[in-house]
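Undergrad: Quick one, entry_16.cif (mmCIF, C-alpha atoms):
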data_final
loop_
_atom_site.group_PDB
_atom_site.id
_atom_site.type_symbol
_atom_site.label_atom_id
_atom_site.label_comp_id
_atom_site.auth_asym_id
_atom_site.auth_seq_id
_atom_site.Cartn_x
_atom_site.Cartn_y
_atom_site.Cartn_z
ATOM 1 C CA MET A 1 0.120 34.571 26.031
ATOM 2 C CA VAL A 2 1.055 32.867 29.277
ATOM 3 C CA THR A 3 -1.795 30.838 30.724
ATOM 4 C CA LEU A 4 -2.306 28.753 33.827
ATOM 5 C CA ASN A 5 -1.111 25.680 31.933
ATOM 6 C CA HIS A 6 2.330 27.207 31.432
ATOM 7 C CA TYR A 7 2.742 27.551 35.183
ATOM 8 C CA LEU A 8 1.418 24.058 35.822
ATOM 9 C CA VAL A 9 3.831 22.539 33.301
ATOM 10 C CA LEU A 10 6.749 24.484 34.782
ATOM 11 C CA SER A 11 5.706 23.327 38.239
ATOM 12 C CA ALA A 12 5.497 19.710 37.056
ATOM 13 C CA ILE A 13 8.984 19.959 35.540
ATOM 14 C CA LEU A 14 10.422 21.398 38.759
ATOM 15 C CA PHE A 15 8.690 18.709 40.821
ATOM 16 C CA ALA A 16 10.087 16.010 38.506
ATOM 17 C CA ILE A 17 13.583 17.474 38.943
ATOM 18 C CA GLY A 18 13.157 17.379 42.718
ATOM 19 C CA THR A 19 11.894 13.798 42.626
ATOM 20 C CA ALA A 20 14.806 12.745 40.440
ATOM 21 C CA GLY A 21 17.187 14.426 42.880
ATOM 22 C CA VAL A 22 15.837 12.483 45.841
ATOM 23 C CA PHE A 23 16.303 9.176 44.033
ATOM 24 C CA VAL A 24 19.546 9.827 42.162
ATOM 25 C CA ARG A 25 21.684 11.690 44.694
ATOM 26 C CA ARG A 26 23.471 9.918 47.534
ATOM 27 C CA ASN A 27 24.055 12.925 49.756
ATOM 28 C CA LEU A 28 21.698 13.744 52.619
ATOM 29 C CA ILE A 29 22.016 17.514 52.170
ATOM 30 C CA THR A 30 21.339 17.359 48.425
ATOM 31 C CA ILE A 31 18.319 15.159 49.110
ATOM 32 C CA LEU A 32 16.965 17.792 51.524
ATOM 33 C CA LEU A 33 17.596 20.440 48.843
ATOM 34 C CA SER A 34 15.629 18.331 46.342
ATOM 35 C CA ILE A 35 12.725 18.256 48.797
ATOM 36 C CA GLU A 36 12.885 22.062 48.917
ATOM 37 C CA ILE A 37 12.673 22.131 45.089
ATOM 38 C CA MET A 38 9.543 19.969 45.257
ATOM 39 C CA LEU A 39 7.951 22.183 47.927
ATOM 40 C CA ASN A 40 8.623 25.222 45.755
ATOM 41 C CA ALA A 41 7.055 23.570 42.720
ATOM 42 C CA VAL A 42 3.921 23.002 44.791
ATOM 43 C CA ASN A 43 4.003 26.613 46.013
ATOM 44 C CA LEU A 44 4.075 27.793 42.396
ATOM 45 C CA THR A 45 1.003 25.675 41.663
ATOM 46 C CA PHE A 46 -0.836 27.156 44.649
ATOM 47 C CA VAL A 47 -0.085 30.741 43.630
ATOM 48 C CA ALA A 48 -0.940 30.098 39.958
ATOM 49 C CA PHE A 49 -4.271 28.518 40.866
ATOM 50 C CA GLY A 50 -4.996 31.291 43.357
ATOM 51 C CA ARG A 51 -4.394 33.810 40.584
ATOM 52 C CA ALA A 52 -6.554 31.883 38.098
ATOM 53 C CA LEU A 53 -9.446 31.456 40.514
ATOM 54 C CA GLY A 54 -9.150 34.909 42.057
ATOM 55 C CA ALA A 55 -8.710 33.458 45.531
ATOM 56 C CA ALA A 56 -6.387 34.738 48.239
ATOM 57 C CA ALA A 57 -6.128 31.258 49.768
ATOM 58 C CA GLY A 58 -3.509 30.345 47.154
ATOM 59 C CA GLN A 59 -1.136 32.917 48.592
ATOM 60 C CA ILE A 60 -2.007 32.255 52.218
ATOM 61 C CA ILE A 61 -1.285 28.544 52.009
ATOM 62 C CA VAL A 62 2.171 29.369 50.645
ATOM 63 C CA VAL A 63 2.945 30.994 53.998
ATOM 64 C CA PHE A 64 2.052 27.733 55.760
ATOM 65 C CA VAL A 65 4.004 25.621 53.271
ATOM 66 C CA MET A 66 7.047 27.801 53.875
ATOM 67 C CA THR A 67 6.662 27.355 57.638
ATOM 68 C CA VAL A 68 6.522 23.592 57.217
ATOM 69 C CA ALA A 69 9.557 23.771 54.924
ATOM 70 C CA ALA A 70 11.474 25.744 57.536
ATOM 71 C CA ALA A 71 10.553 23.276 60.289
ATOM 72 C CA GLU A 72 11.442 20.342 58.055
ATOM 73 C CA ALA A 73 14.789 21.895 57.146
ATOM 74 C CA ALA A 74 15.648 22.606 60.788
ATOM 75 C CA VAL A 75 14.784 19.104 62.034
ATOM 76 C CA GLY A 76 16.241 17.402 58.943
ATOM 77 C CA LEU A 77 19.539 19.227 59.234
ATOM 78 C CA ALA A 78 19.688 18.485 62.973
ATOM 79 C CA ILE A 79 19.283 14.784 62.126
ATOM 80 C CA VAL A 80 22.012 15.102 59.486
ATOM 81 C CA ILE A 81 24.358 16.654 62.053
ATOM 82 C CA ALA A 82 23.572 13.912 64.593
ATOM 83 C CA LEU A 83 24.154 11.194 61.951
ATOM 84 C CA PHE A 84 27.371 12.776 60.731
ATOM 85 C CA ARG A 85 28.659 12.765 64.297
ATOM 86 C CA HIS A 86 28.213 8.995 64.531
ATOM 87 C CA ARG A 87 29.808 8.147 61.207
ATOM 88 C CA GLU A 88 31.804 10.612 59.144
ATOM 89 C CA SER A 89 29.599 10.271 56.099
ATOM 90 C CA LEU A 90 26.655 11.947 54.408
ATOM 91 C CA ASN A 91 25.730 8.902 52.366
ATOM 92 C CA PRO A 92 22.228 7.653 53.287
ATOM 93 C CA ASP A 93 23.378 4.085 52.629
ATOM 94 C CA SER A 94 25.618 4.371 55.693
ATOM 95 C CA TRP A 95 22.583 4.201 57.959
ATOM 96 C CA THR A 96 20.588 1.095 57.199
ATOM 97 C CA ALA A 97 20.210 -0.120 60.779
ATOM 98 C CA LEU A 98 16.452 0.486 60.736
ATOM 99 C CA LYS A 99 16.021 -1.277 57.394
ATOM 100 C CA TRP A 100 14.664 -4.796 57.680
ATOM 101 C CA MET B 1 8.318 36.651 27.470
ATOM 102 C CA LEU B 2 9.579 37.343 30.989
ATOM 103 C CA PHE B 3 7.858 34.126 32.054
ATOM 104 C CA TYR B 4 10.060 32.052 29.758
ATOM 105 C CA VAL B 5 13.220 33.744 31.023
ATOM 106 C CA PHE B 6 12.340 33.052 34.666
ATOM 107 C CA ALA B 7 11.139 29.538 33.855
ATOM 108 C CA ALA B 8 14.378 28.743 32.029
ATOM 109 C CA VAL B 9 16.477 30.085 34.910
ATOM 110 C CA ALA B 10 14.441 28.078 37.446
ATOM 111 C CA ILE B 11 14.684 24.826 35.480
ATOM 112 C CA VAL B 12 18.382 25.156 34.610
ATOM 113 C CA ALA B 13 19.318 26.140 38.172
ATOM 114 C CA SER B 14 17.279 23.249 39.626
ATOM 115 C CA LEU B 15 18.888 20.791 37.209
ATOM 116 C CA LEU B 16 22.332 22.051 38.209
ATOM 117 C CA VAL B 17 21.398 21.653 41.900
ATOM 118 C CA ILE B 18 20.902 17.957 41.159
ATOM 119 C CA ALA B 19 23.994 17.712 38.971
ATOM 120 C CA GLN B 20 26.468 19.357 41.357
ATOM 121 C CA ARG B 21 28.744 17.153 43.405
ATOM 122 C CA ASN B 22 29.612 19.890 45.894
ATOM 123 C CA PRO B 23 26.641 20.768 48.175
ATOM 124 C CA ILE B 24 27.789 24.391 48.543
ATOM 125 C CA TYR B 25 27.269 24.987 44.808
ATOM 126 C CA SER B 26 23.944 23.156 45.077
ATOM 127 C CA VAL B 27 22.758 25.522 47.814
ATOM 128 C CA LEU B 28 23.892 28.624 45.915
ATOM 129 C CA LEU B 29 22.231 27.430 42.697
ATOM 130 C CA LEU B 30 19.030 26.723 44.601
ATOM 131 C CA ILE B 31 19.055 30.337 45.779
ATOM 132 C CA ALA B 32 19.243 31.376 42.097
ATOM 133 C CA SER B 33 16.293 29.091 41.373
ATOM 134 C CA PHE B 34 14.337 30.690 44.227
ATOM 135 C CA GLY B 35 15.111 34.136 42.785
ATOM 136 C CA ALA B 36 13.607 33.079 39.447
ATOM 137 C CA LEU B 37 10.550 31.677 41.239
ATOM 138 C CA SER B 38 10.197 34.980 43.070
ATOM 139 C CA GLY B 39 10.091 36.712 39.685
ATOM 140 C CA LEU B 40 7.352 34.313 38.608
ATOM 141 C CA TYR B 41 5.356 35.218 41.722
ATOM 142 C CA VAL B 42 5.644 38.898 40.753
ATOM 143 C CA LEU B 43 4.321 37.988 37.281
ATOM 144 C CA LEU B 44 1.421 36.213 39.018
ATOM 145 C CA GLU B 45 0.706 39.469 40.870
ATOM 146 C CA ALA B 46 1.584 37.998 44.250
ATOM 147 C CA PRO B 47 4.225 40.464 45.507
ATOM 148 C CA PHE B 48 3.864 39.358 49.134
ATOM 149 C CA VAL B 49 4.735 35.754 48.245
ATOM 150 C CA ALA B 50 7.599 36.985 46.075
ATOM 151 C CA VAL B 51 9.074 38.957 48.964
ATOM 152 C CA ILE B 52 8.758 36.204 51.567
ATOM 153 C CA GLN B 53 10.195 33.771 49.015
ATOM 154 C CA ILE B 54 13.368 35.863 49.004
ATOM 155 C CA ILE B 55 13.444 36.772 52.707
ATOM 156 C CA VAL B 56 12.333 33.481 54.290
ATOM 157 C CA TYR B 57 13.454 30.897 51.728
ATOM 158 C CA ALA B 58 16.564 32.358 50.141
ATOM 159 C CA GLY B 59 17.459 34.386 53.206
ATOM 160 C CA ALA B 60 16.762 32.110 56.151
ATOM 161 C CA ILE B 61 16.287 28.476 55.117
ATOM 162 C CA MET B 62 19.102 28.448 52.576
ATOM 163 C CA VAL B 63 21.463 30.133 55.025
ATOM 164 C CA LEU B 64 20.641 27.327 57.470
ATOM 165 C CA PHE B 65 21.595 24.797 54.777
ATOM 166 C CA LEU B 66 24.773 26.688 53.941
ATOM 167 C CA PHE B 67 25.652 26.844 57.637
ATOM 168 C CA VAL B 68 25.282 23.074 58.043
ATOM 169 C CA VAL B 69 27.245 22.355 54.849
ATOM 170 C CA MET B 70 30.130 24.466 56.145
ATOM 171 C CA LEU B 71 29.811 23.112 59.696
ATOM 172 C CA LEU B 72 30.061 19.477 58.589
ATOM 173 C CA ASN B 73 33.027 20.239 56.345
ATOM 174 C CA ALA B 74 32.309 17.206 54.157
ATOM 175 C CA PRO B 75 31.533 18.918 50.893
ATOM 176 C CA HIS B 76 32.067 16.033 48.466
ATOM 177 C CA GLU B 77 30.147 12.859 47.983
ATOM 178 C CA GLU B 78 32.145 9.711 48.486
ATOM 179 C CA THR B 79 33.582 9.225 45.029
ATOM 180 C CA GLU B 80 34.764 5.644 45.482
ATOM 181 C CA TYR B 81 31.175 4.690 46.246
ATOM 182 C CA ASP B 82 29.958 6.375 43.063
ATOM 183 C CA GLU B 83 32.593 4.588 41.029
ATOM 184 C CA ARG B 84 31.643 1.228 42.466
ATOM 185 C CA VAL B 85 27.938 1.497 41.713
ATOM 186 C CA HIS B 86 26.636 4.524 39.868
ATOM 187 C CA PRO B 87 23.372 5.482 41.614
ATOM 188 C CA LEU B 88 21.490 5.571 38.309
ATOM 189 C CA LEU B 89 22.543 2.026 37.481
ATOM 190 C CA ARG B 90 21.288 0.424 40.672
ATOM 191 C CA ALA B 91 18.267 -1.740 39.980
ATOM 192 C CA GLY B 92 15.650 -0.691 42.564
ATOM 193 C CA PRO B 93 15.977 3.107 42.472
ATOM 194 C CA MET B 94 16.347 3.037 38.680
ATOM 195 C CA ARG B 95 13.085 1.164 38.171
ATOM 196 C CA PHE B 96 11.199 3.286 40.657
ATOM 197 C CA GLY B 97 12.695 6.509 39.297
ATOM 198 C CA ALA B 98 11.854 5.501 35.725
ATOM 199 C CA PHE B 99 8.285 4.759 36.765
ATOM 200 C CA LEU B 100 7.950 8.148 38.480
ATOM 201 C CA ALA B 101 9.484 9.977 35.521
ATOM 202 C CA ALA B 102 7.106 8.197 33.124
ATOM 203 C CA ALA B 103 4.109 9.054 35.309
ATOM 204 C CA LEU B 104 5.160 12.703 35.417
ATOM 205 C CA ALA B 105 5.725 12.760 31.642
ATOM 206 C CA VAL B 106 2.197 11.409 31.063
ATOM 207 C CA GLU B 107 0.897 14.055 33.440
ATOM 208 C CA LEU B 108 2.756 16.774 31.509
ATOM 209 C CA VAL B 109 1.392 15.654 28.143
ATOM 210 C CA TRP B 110 -2.090 15.504 29.596
ATOM 211 C CA ALA B 111 -1.766 19.027 31.019
ATOM 212 C CA LEU B 112 -0.469 20.361 27.708
ATOM 213 C CA THR B 113 -3.193 18.795 25.598
ATOM 214 C CA LYS B 114 -5.972 20.021 27.904
ATOM 215 C CA GLY B 115 -5.073 23.523 26.605
ATOM 216 C CA GLY B 116 -8.210 25.565 25.922
ATOM 217 C CA GLU B 117 -9.961 24.948 29.210
ATOM 218 C CA SER B 118 -8.209 27.177 31.721
ATOM 219 C CA GLY B 119 -7.122 29.869 29.283
ATOM 220 C CA ALA B 120 -5.840 33.263 30.345
ATOM 221 C CA PHE B 121 -5.763 34.661 33.872
ATOM 222 C CA PRO B 122 -8.681 36.919 34.847
ATOM 223 C CA SER B 123 -7.980 40.555 35.547
ATOM 224 C CA GLY B 124 -8.099 41.868 39.090
ATOM 225 C CA ALA B 125 -5.823 39.735 41.190
ATOM 226 C CA ILE B 126 -5.781 39.794 44.985
ATOM 227 C CA SER B 127 -2.338 41.224 45.482
ATOM 228 C CA SER B 128 -2.611 43.594 48.445
ATOM 229 C CA VAL B 129 -0.741 42.594 51.577
ATOM 230 C CA LYS B 130 -3.567 44.108 53.623
ATOM 231 C CA THR B 131 -6.111 41.612 52.291
ATOM 232 C CA ILE B 132 -3.794 38.664 52.863
ATOM 233 C CA GLY B 133 -2.934 39.814 56.373
ATOM 234 C CA GLN B 134 -6.570 40.313 57.285
ATOM 235 C CA LEU B 135 -7.504 36.856 56.017
ATOM 236 C CA LEU B 136 -4.523 35.333 57.808
ATOM 237 C CA PHE B 137 -5.616 36.725 61.159
ATOM 238 C CA THR B 138 -9.368 36.164 60.751
ATOM 239 C CA ASP B 139 -10.366 33.191 58.572
ATOM 240 C CA TYR B 140 -7.056 31.382 58.956
ATOM 241 C CA ALA B 141 -6.272 32.410 62.514
ATOM 242 C CA PHE B 142 -6.419 28.864 63.886
ATOM 243 C CA ALA B 143 -4.022 27.527 61.241
ATOM 244 C CA PHE B 144 -1.746 30.481 61.934
ATOM 245 C CA GLU B 145 -1.631 29.722 65.664
ATOM 246 C CA VAL B 146 -1.060 26.008 65.026
ATOM 247 C CA THR B 147 1.853 27.039 62.812
ATOM 248 C CA SER B 148 3.485 28.760 65.779
ATOM 249 C CA VAL B 149 3.234 25.515 67.767
ATOM 250 C CA LEU B 150 4.820 23.675 64.819
ATOM 251 C CA ILE B 151 7.722 26.119 64.805
ATOM 252 C CA LEU B 152 8.203 25.657 68.558
ATOM 253 C CA VAL B 153 8.183 21.854 68.205
ATOM 254 C CA ALA B 154 10.671 22.030 65.337
ATOM 255 C CA MET B 155 12.922 24.328 67.355
ATOM 256 C CA VAL B 156 12.931 22.075 70.428
ATOM 257 C CA GLY B 157 13.318 18.990 68.231
ATOM 258 C CA ALA B 158 16.295 20.434 66.371
ATOM 259 C CA VAL B 159 18.033 21.367 69.626
ATOM 260 C CA VAL B 160 17.415 17.929 71.166
ATOM 261 C CA LEU B 161 18.557 16.073 68.033
ATOM 262 C CA ALA B 162 21.713 18.062 67.446
ATOM 263 C CA ARG B 163 22.759 18.115 71.124
ATOM 264 C CA ARG B 164 25.914 16.260 71.965
ATOM 265 C CA GLU B 165 25.305 13.584 74.570
ATOM 266 C CA THR B 166 27.259 14.162 77.769
ATOM 267 C CA HIS B 167 28.425 11.071 79.549
#
Please go through the file and, once you have read it, give me the structure as structure tokens.

TA:
Amino acid sequence: MVTLNHYLVLSAILFAIGTAGVFVRRNLITILLSIEIMLNAVNLTFVAFGRALGAAAGQIIVVFVMTVAAAEAAVGLAIVIALFRHRESLNPDSWTALKW
Amino acid sequence: MLFYVFAAVAIVASLLVIAQRNPIYSVLLLIASFGALSGLYVLLEAPFVAVIQIIVYAGAIMVLFLFVVMLLNAPHEETEYDERVHPLLRAGPMRFGAFLAAALAVELVWALTKGGESGAFPSGAISSVKTIGQLLFTDYAFAFEVTSVLILVAMVGAVVLARRETH
């Protein structure tokens, strides 16, 4: 019997994987991919709760989250391209000029 | 039963996304993970979300990632950097990552032990695209229109950021 808790635990595991990816990986594209994993974990939570509570809002907010994810991916990848043009590297430690 | 299959595929594929050194494999594995998540949405009786997960996420966003990975032509992480200091062994990120992992583990245990409260899903899910579309254009019309502005801003921003400066 699969309950809401199963989906929540799966979502938490996926979110933890995404978080670990952001901190462990030193590649800007992989970090953006990890953010996508986290957004998807949250989407799963929204849909599971929408199903459990019988609300359509759970599915509607997924549409908005996906839009934000698309915008974030487009701008993030544009920044990656601009950074790569300055220095031939995808390592985030190559750009520490704004770090105090 | 099907839930565990999809969950296992999603978790293993996501773990491999993190473990891969070549971003192209990461992107392809993430598409596999999104496919498994789409199956989970079908199990949750949300076919509309399942379809846009495949079309928008796997079809559009991941292709954008794949395009950039191939455009930059720098598929591998700098290995000499990794050999010098393994990212997991660096002090700051390791401590912060360990803290986050511990917090998430506590959260997981808490969610698992709270078992009997939520229980099974009720019957009669809202799964028709008609209902979702109607709500999207009535109750959530303002958010929907704001979303279009967000897309426009992202589009202009991406073009401005990626433009090559002409001297």

Undergrad: From the set A:Val47, A:Ala16, A:Leu10, A:Val2, which residue has the shortest atom-to-atom contact distance to Phe121 of chain B, counting only C-alpha atoms?

TA: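 Result for the nearest residue to Phe121 of chain B: A:Val2.
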
Undergrad: Would you pick out the contacts of Leu28 of chain B at 10 Å or less, using only C-alpha atoms, so that residues sharing its chain but fewer than 2 positions from it are not included, and give the list as a short mmCIF file (atom, residue, chain, number, x, y, z; two decimals) with C-alpha atoms, in the coordinates of the input?

TA:
data_model
loop_
_atom_site.label_atom_id
_atom_site.label_comp_id
_atom_site.auth_asym_id
_atom_site.auth_seq_id
_atom_site.Cartn_x
_atom_site.Cartn_y
_atom_site.Cartn_z
CA ALA B 13 19.32 26.14 38.17
CA VAL B 17 21.40 21.65 41.90
CA PRO B 23 26.64 20.77 48.18
CA ILE B 24 27.79 24.39 48.54
CA TYR B 25 27.27 24.99 44.81
CA SER B 26 23.94 23.16 45.08
CA LEU B 30 19.03 26.72 44.60
CA ILE B 31 19.06 30.34 45.78
CA ALA B 32 19.24 31.38 42.10
CA SER B 33 16.29 29.09 41.37
CA PHE B 34 14.34 30.69 44.23
CA ALA B 58 16.56 32.36 50.14
CA MET B 62 19.10 28.45 52.58
CA VAL B 63 21.46 30.13 55.02
CA PHE B 65 21.60 24.80 54.78
CA LEU B 66 24.77 26.69 53.94
#

Undergrad: Hey, which of B:Tyr41, B:Phe142, B:Phe137, B:Phe99 ends up closest to chain A? Count all atoms listed in the file.

TA: B:Tyr41

Undergrad: Expand the PyMOL selection byres ((chain A) within 6 of (chain B)) into the individual residues it matches in the shown file, reporting them as a ChimeraX atom specification.

TA: /A:3,21,24,52,54,71,75,78,82

Undergrad: So how many Å separate atom CA of Val9 of chain A and atom CA of Ser34 of chain A, to one decimal?

TA: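 Computing the Euclidean distance for atom CA of Val9 of chain A and atom CA of Ser34 of chain A yields 18.1 Å.
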
Undergrad: Hey, what comes out of the PyMOL selection byres ((chain A and resi 83) around 12) on this file? Could you write it as a PDB file with C-alpha atoms, keeping the file's coordinate frame?

TA:
ATOM      1  CA  LEU A  28      21.698  13.744  52.619  1.00  0.00           C
ATOM      2  CA  ILE A  29      22.016  17.514  52.170  1.00  0.00           C
ATOM      3  CA  GLY A  76      16.241  17.402  58.943  1.00  0.00           C
ATOM      4  CA  LEU A  77      19.539  19.227  59.234  1.00  0.00           C
ATOM      5  CA  ALA A  78      19.688  18.485  62.973  1.00  0.00           C
ATOM      6  CA  ILE A  79      19.283  14.784  62.126  1.00  0.00           C
ATOM      7  CA  VAL A  80      22.012  15.102  59.486  1.00  0.00           C
ATOM      8  CA  ILE A  81      24.358  16.654  62.053  1.00  0.00           C
ATOM      9  CA  ALA A  82      23.572  13.912  64.593  1.00  0.00           C
ATOM     10  CA  PHE A  84      27.371  12.776  60.731  1.00  0.00           C
ATOM     11  CA  ARG A  85      28.659  12.765  64.297  1.00  0.00           C
ATOM     12  CA  HIS A  86      28.213   8.995  64.531  1.00  0.00           C
ATOM     13  CA  ARG A  87      29.808   8.147  61.207  1.00  0.00           C
ATOM     14  CA  GLU A  88      31.804  10.612  59.144  1.00  0.00           C
ATOM     15  CA  SER A  89      29.599  10.271  56.099  1.00  0.00           C
ATOM     16  CA  LEU A  90      26.655  11.947  54.408  1.00  0.00           C
ATOM     17  CA  ASN A  91      25.730   8.902  52.366  1.00  0.00           C
ATOM     18  CA  PRO A  92      22.228   7.653  53.287  1.00  0.00           C
ATOM     19  CA  ASP A  93      23.378   4.085  52.629  1.00  0.00           C
ATOM     20  CA  SER A  94      25.618   4.371  55.693  1.00  0.00           C
ATOM     21  CA  TRP A  95      22.583   4.201  57.959  1.00  0.00           C
ATOM     22  CA  THR A  96      20.588   1.095  57.199  1.00  0.00           C
TER      23      THR A  96
ATOM     24  CA  LEU B  72      30.061  19.477  58.589  1.00  0.00           C
ATOM     25  CA  LEU B 161      18.557  16.073  68.033  1.00  0.00           C
ATOM     26  CA  ALA B 162      21.713  18.062  67.446  1.00  0.00           C
ATOM     27  CA  ARG B 163      22.759  18.115  71.124  1.00  0.00           C
ATOM     28  CA  ARG B 164      25.914  16.260  71.965  1.00  0.00           C
TER      29      ARG B 164
END

Undergrad: Rank B:Val5, B:Val51, B:Val106, B:Ala141 by their smallest atom-to-atom distance to Val129 of chain B, using all atoms listed in the file, and report the top residue only.

TA: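 Of all the options, B:Val51 lies closest to Val129 of chain B.
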
Undergrad: Using Å and a single decimal, report how far atom CA of Glu72 of chain A sits from atom CA of Ile31 of chain A.

TA: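 According to the coordinates, atom CA of Ile31 of chain A and atom CA of Glu72 of chain A are separated by 12.4 Å.
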
Undergrad: Box time for segment 60-64 of chain B: axis-aligned, enclosing all its listed atoms, 6 Å extra on each side; report centre and edge lengths in Å to one decimal, as lines of an AutoDock Vina configuration file.

TA:
center_x = 18.9
center_y = 29.7
center_z = 55.0
size_x = 17.2
size_y = 16.8
size_z = 16.9
